[in-house]
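Participant: Structure below; questions to follow.
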Amino acid sequence: MSNTRVPLKARQVSFAWDKTPLHWLPDDPFSTHTINVLHLLLPAGERWFVHVYKQVLPYITDERLREDVIGFIGQEAMHSQAHDEVLPHLREQGLDPTPYTAQLDWFFEKLLGDRTLPPGKARQWWLMERVALIAAIEHYTAFLGNWVLNAEELDRRGADPMMLDLLRWHGAEEVEHRAVAFELFEHLDGSYRRRVRTWATAFTALVFLWQRGARFFMENDPTLVDGKASWKDFYRSGKRGVLPTPGAMARSIPRYLSRSYHPDQEGDTEQAVAYLASSPAAVAAEARTGADR
Ligand SMILES: [Fe+2]
Ligand SMILES: [Fe+2]
């Protein structure tokens with residue numbers, strides 16, 4: 001396992017979705033749609049990360065961490081945009097996600113947004129609470145990034161190469177920047193009680209939103225009659241290797257709650273960097289940036 005730090009840069013990727021089938025994992029609508037929930041959660045969620053971190057920048061006194069946070073902001077903004085661009089393609093295929101994304105926009109912008117708090121302690125408390133929530137969520141984005149980089153079963157089962165590249169480009173950048181959110185939280189606050197409390201909130205919200213999103217997709221998929229999402233399907237897909245297993249997810253919990261936790265203990269930077277060096281989207285982005293220089 002390797003955790004050499006790399007300077008973070010946003011790769012200006014673009015994807016063409018016209019050849020990607022609705023069930024991009026052949027004959028497996030449930031796993032396809034469970035992963036598709038990322039396209040619902042991430043545009044609003046990662047825009048929210050960027051919004052919070054821009055407010056936090058003036059409080060960072062460590063120059064290297066500041067650079068990392070700026071690189072993180074650039075990467076997350078690009079992730080949010082790339083997943084957002086999948087949504088018109090789903091709409092064209094008869095699966096309009098607007099009812100669900102409208103709820104998510106409310107969740108991130110209103111519930112987790114800037115409340116009308118007076119300047120001072122209350123406002124500072126709410127900002128730190130959100131910084132800690134992001135650190136907890138980033139534990140899971142790194143977990144998923146590491147999973148998708150190693151999920152060879154998706155290749156074996158003929159997953160659409162464009163979708164796989166989106167997921168792995170994103171996953172690799174999540175592994176690349178996995179330490180930033182936690183180090184920022186430690187730098188600004190680091191309270192263990194806050195870490196535990198915000199982990200519980202983030203985990204509950206993720207499970208709730210994810211299962212709702214998978215249900216929404218299954219119930220509204222125009223090609224399915226009486227489409228449903230169940231925990232049983234989730235276990236089955238995990239067993240087949242096309243989704244993370246509940247066991248791996250459960251084991252990730254005590255790791256985050258351990259007092260000696262550091263994200264460097266998770267994932268493999270070398271593997272992430274190697275993927276980014278061969279990712280069709282990242283390579284094309286690099287060539288375009290080179291040509292613009
Ligand atoms: Fe991301
Ligand atoms: Fe991230």
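Just so we're on the same page: first chain in the structure tokens is A, next is B, and so on; residues restart at 1 for each chain, and ligands are numbered from 1 in the order they show up.
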Once you count only C-alpha atoms and all ligand atoms, which residues end up within 8 Å of ligand 2, and could you hand them over as a PyMOL selection string?
Facilitator: chain A and resi 46+72+75-76+138+141-142+173-175+177-178+181
Participant: Can you pull out every residue within 12 Å of segment 245-258 of chain A, counting only C-alpha atoms, but drop anything in the same chain fewer than 5 positions away, and send it as JSON, numbers by chain?
Facilitator: {"A": [135, 136, 137, 138, 139, 140, 141, 142, 143, 144, 146, 147, 151, 182, 191, 192, 193, 194, 195, 196, 197, 198, 199, 200, 202, 203, 207, 231, 232, 233, 234, 235, 236, 237, 238, 239, 240, 263, 264, 265, 266, 267]}
Participant: Could you give me, as a list in words, the residues within 9 Å of Arg47 of chain A, counting only C-alpha atoms and dropping anything in the same chain fewer than 5 positions from it?
Facilitator: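 Near neighbours after the sequence-gap exclusion: Leu42, Val52, Glu76, Ala77, Ser80, Gln81 and Phe108 of chain A.
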Participant: Among segment 40-112 of chain A, which ones does DSSP place in helix (DSSP H, G or I), written as a ChimeraX atom specification?
Facilitator: /A:40-59,63-84,87-92,98-111
Participant: Hey, can you check how far atom CA of Val225 of chain A sits from atom CA of Gly241 of chain A?
Facilitator: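 Computed distance, atom CA of Val225 of chain A to atom CA of Gly241 of chain A, equals 25.5 Å.
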Participant: Might you pull out every residue within 9 Å of segment 93-100 of chain A, with only C-alpha atoms counted and same-chain residues fewer than 5 positions away left off, and present them as a PyMOL selection string?
Facilitator: chain A and resi 21-22+40+87-88+105+212-213+216-217+220-223
Participant: Restrict the selected residues to N, CA and C atoms and save them as an mmCIF file, in the first residue's frame.
Facilitator:
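Here's the written file again-v3.cif:
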```cif
data_model
loop_
_atom_site.group_PDB
_atom_site.id
_atom_site.type_symbol
_atom_site.label_atom_id
_atom_site.label_comp_id
_atom_site.auth_asym_id
_atom_site.auth_seq_id
_atom_site.Cartn_x
_atom_site.Cartn_y
_atom_site.Cartn_z
ATOM 1 N N PRO A 21 -25.746 2.410 -22.713
ATOM 2 C CA PRO A 21 -27.128 1.937 -22.527
ATOM 3 C C PRO A 21 -27.669 2.293 -21.140
ATOM 4 N N LEU A 22 -28.997 2.276 -21.021
ATOM 5 C CA LEU A 22 -29.618 2.606 -19.727
ATOM 6 C C LEU A 22 -29.084 1.676 -18.636
ATOM 7 N N LEU A 40 -26.921 11.300 -8.722
ATOM 8 C CA LEU A 40 -27.911 12.144 -8.057
ATOM 9 C C LEU A 40 -27.289 12.875 -6.866
ATOM 10 N N LEU A 87 -27.126 13.246 -16.187
ATOM 11 C CA LEU A 87 -28.576 13.321 -15.952
ATOM 12 C C LEU A 87 -29.408 13.554 -17.223
ATOM 13 N N PRO A 88 -28.980 14.461 -18.145
ATOM 14 C CA PRO A 88 -29.767 14.608 -19.389
ATOM 15 C C PRO A 88 -29.843 13.308 -20.177
ATOM 16 N N ASP A 105 -31.353 18.986 -3.606
ATOM 17 C CA ASP A 105 -30.956 20.400 -3.608
ATOM 18 C C ASP A 105 -31.437 21.075 -2.325
ATOM 19 N N ARG A 212 -33.085 5.390 -0.871
ATOM 20 C CA ARG A 212 -34.190 6.107 -1.505
ATOM 21 C C ARG A 212 -33.927 6.327 -2.988
ATOM 22 N N GLY A 213 -32.652 6.676 -3.300
ATOM 23 C CA GLY A 213 -32.269 6.918 -4.700
ATOM 24 C C GLY A 213 -32.380 5.639 -5.526
ATOM 25 N N PHE A 216 -35.970 4.945 -6.095
ATOM 26 C CA PHE A 216 -36.515 5.897 -7.072
ATOM 27 C C PHE A 216 -36.193 5.434 -8.493
ATOM 28 N N PHE A 217 -34.942 5.072 -8.738
ATOM 29 C CA PHE A 217 -34.535 4.644 -10.081
ATOM 30 C C PHE A 217 -35.249 3.353 -10.498
ATOM 31 N N ASN A 220 -38.924 3.976 -11.278
ATOM 32 C CA ASN A 220 -39.206 4.856 -12.418
ATOM 33 C C ASN A 220 -38.524 4.413 -13.707
ATOM 34 N N ASP A 221 -37.795 3.321 -13.662
ATOM 35 C CA ASP A 221 -37.132 2.813 -14.872
ATOM 36 C C ASP A 221 -38.214 2.352 -15.864
ATOM 37 N N PRO A 222 -38.280 3.003 -17.063
ATOM 38 C CA PRO A 222 -39.393 2.685 -17.977
ATOM 39 C C PRO A 222 -39.317 1.279 -18.567
ATOM 40 N N THR A 223 -38.186 0.594 -18.431
ATOM 41 C CA THR A 223 -38.068 -0.742 -19.011
ATOM 42 C C THR A 223 -38.427 -1.837 -18.008
#
```
Participant: From the set A:Ala287, A:Leu133, A:Ala159, A:Ile73, which residue has the shortest atom-to-atom contact distance to ligand 1, counting only C-alpha atoms and all ligand atoms?
Facilitator: A:Ile73
Participant: Which of these, A:Asp268, A:Glu92, A:Val56, A:Leu209, has the shortest distance to Asp18 of chain A once you count only C-alpha atoms?
Facilitator: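 Closest to Asp18 of chain A, using only C-alpha atoms: A:Glu92.
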Participant: Check the smallest atom-to-atom distance from each of A:Lys19, A:His170, A:His39, A:Arg157 to ligand 1 using only C-alpha atoms and all ligand atoms, then report the winner.
Facilitator: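 Result for the nearest residue to ligand 1: A:His170.
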Participant: Write out as an MDAnalysis selection string each polymer residue whose atoms come within 9 Å of His23 of chain A, counting only C-alpha atoms; drop sequence neighbours fewer than 5 positions from it.
Facilitator: chainID A and resid 28:33 159:160
Participant: For the residues in the current selection, export N, CA and C atoms as an mmCIF file, in the first residue's frame.
Facilitator:
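What ended up in selection-v7.cif:
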```
data_model
loop_
_atom_site.group_PDB
_atom_site.id
_atom_site.type_symbol
_atom_site.label_atom_id
_atom_site.label_comp_id
_atom_site.auth_asym_id
_atom_site.auth_seq_id
_atom_site.Cartn_x
_atom_site.Cartn_y
_atom_site.Cartn_z
ATOM 1 N N ASP A 28 -28.320 -6.127 -15.342
ATOM 2 C CA ASP A 28 -28.296 -5.930 -13.894
ATOM 3 C C ASP A 28 -28.789 -4.521 -13.559
ATOM 4 N N PRO A 29 -30.109 -4.287 -13.748
ATOM 5 C CA PRO A 29 -30.622 -2.938 -13.463
ATOM 6 C C PRO A 29 -30.412 -2.521 -12.009
ATOM 7 N N PHE A 30 -30.508 -3.455 -11.076
ATOM 8 C CA PHE A 30 -30.375 -3.062 -9.663
ATOM 9 C C PHE A 30 -28.980 -2.500 -9.363
ATOM 10 N N SER A 31 -27.933 -3.231 -9.785
ATOM 11 C CA SER A 31 -26.575 -2.732 -9.497
ATOM 12 C C SER A 31 -26.306 -1.453 -10.283
ATOM 13 N N THR A 32 -26.775 -1.421 -11.557
ATOM 14 C CA THR A 32 -26.613 -0.203 -12.365
ATOM 15 C C THR A 32 -27.197 0.995 -11.615
ATOM 16 N N HIS A 33 -28.443 0.846 -11.155
ATOM 17 C CA HIS A 33 -29.115 1.994 -10.549
ATOM 18 C C HIS A 33 -28.565 2.318 -9.159
ATOM 19 N N ALA A 159 -19.339 -4.089 -18.189
ATOM 20 C CA ALA A 159 -19.826 -2.722 -17.903
ATOM 21 C C ALA A 159 -19.388 -1.769 -19.012
ATOM 22 N N ASP A 160 -20.243 -0.781 -19.291
ATOM 23 C CA ASP A 160 -19.951 0.206 -20.336
ATOM 24 C C ASP A 160 -18.623 0.921 -20.025
#
```
Participant: Between A:Pro161, A:Gly71, A:Pro119, A:Pro7, which residue has the minimum interatomic distance to ligand 1, considering only C-alpha atoms and all ligand atoms?
Facilitator: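 Distance minimum relative to ligand 1 lands on A:Gly71.
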Participant: Once you count only C-alpha atoms, what closest atom pair and distance in Å to one decimal does each residue of segment 161-261 of chain A within 9 Å of segment 57-63 of chain A have, with rows by chain and rising residue number, as CSV?
Facilitator:
```
residue,atom,partner,partner_atom,distance
A:Leu184,CA,A:Ile60,CA,8.0
A:His187,CA,A:Ile60,CA,7.7
A:Leu188,CA,A:Ile60,CA,7.4
```
Participant: Just N, CA and C atoms for this one: save the residues we selected as a PDB file, in the first residue's frame.
Facilitator:
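Below you can see selection-v3.pdb, which holds the result:
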```pdb
ATOM      1  N   LEU A 184      -7.912  18.725   7.253  1.00  0.00           N
ATOM      2  CA  LEU A 184      -8.491  20.053   7.455  1.00  0.00           C
ATOM      3  C   LEU A 184      -9.292  20.074   8.760  1.00  0.00           C
ATOM      4  N   HIS A 187      -6.915  20.118  11.612  1.00  0.00           N
ATOM      5  CA  HIS A 187      -6.226  21.414  11.698  1.00  0.00           C
ATOM      6  C   HIS A 187      -7.119  22.471  12.356  1.00  0.00           C
ATOM      7  N   LEU A 188      -8.417  22.456  12.030  1.00  0.00           N
ATOM      8  CA  LEU A 188      -9.303  23.524  12.494  1.00  0.00           C
ATOM      9  C   LEU A 188      -9.988  23.190  13.816  1.00  0.00           C
TER      10      LEU A 188
END
```
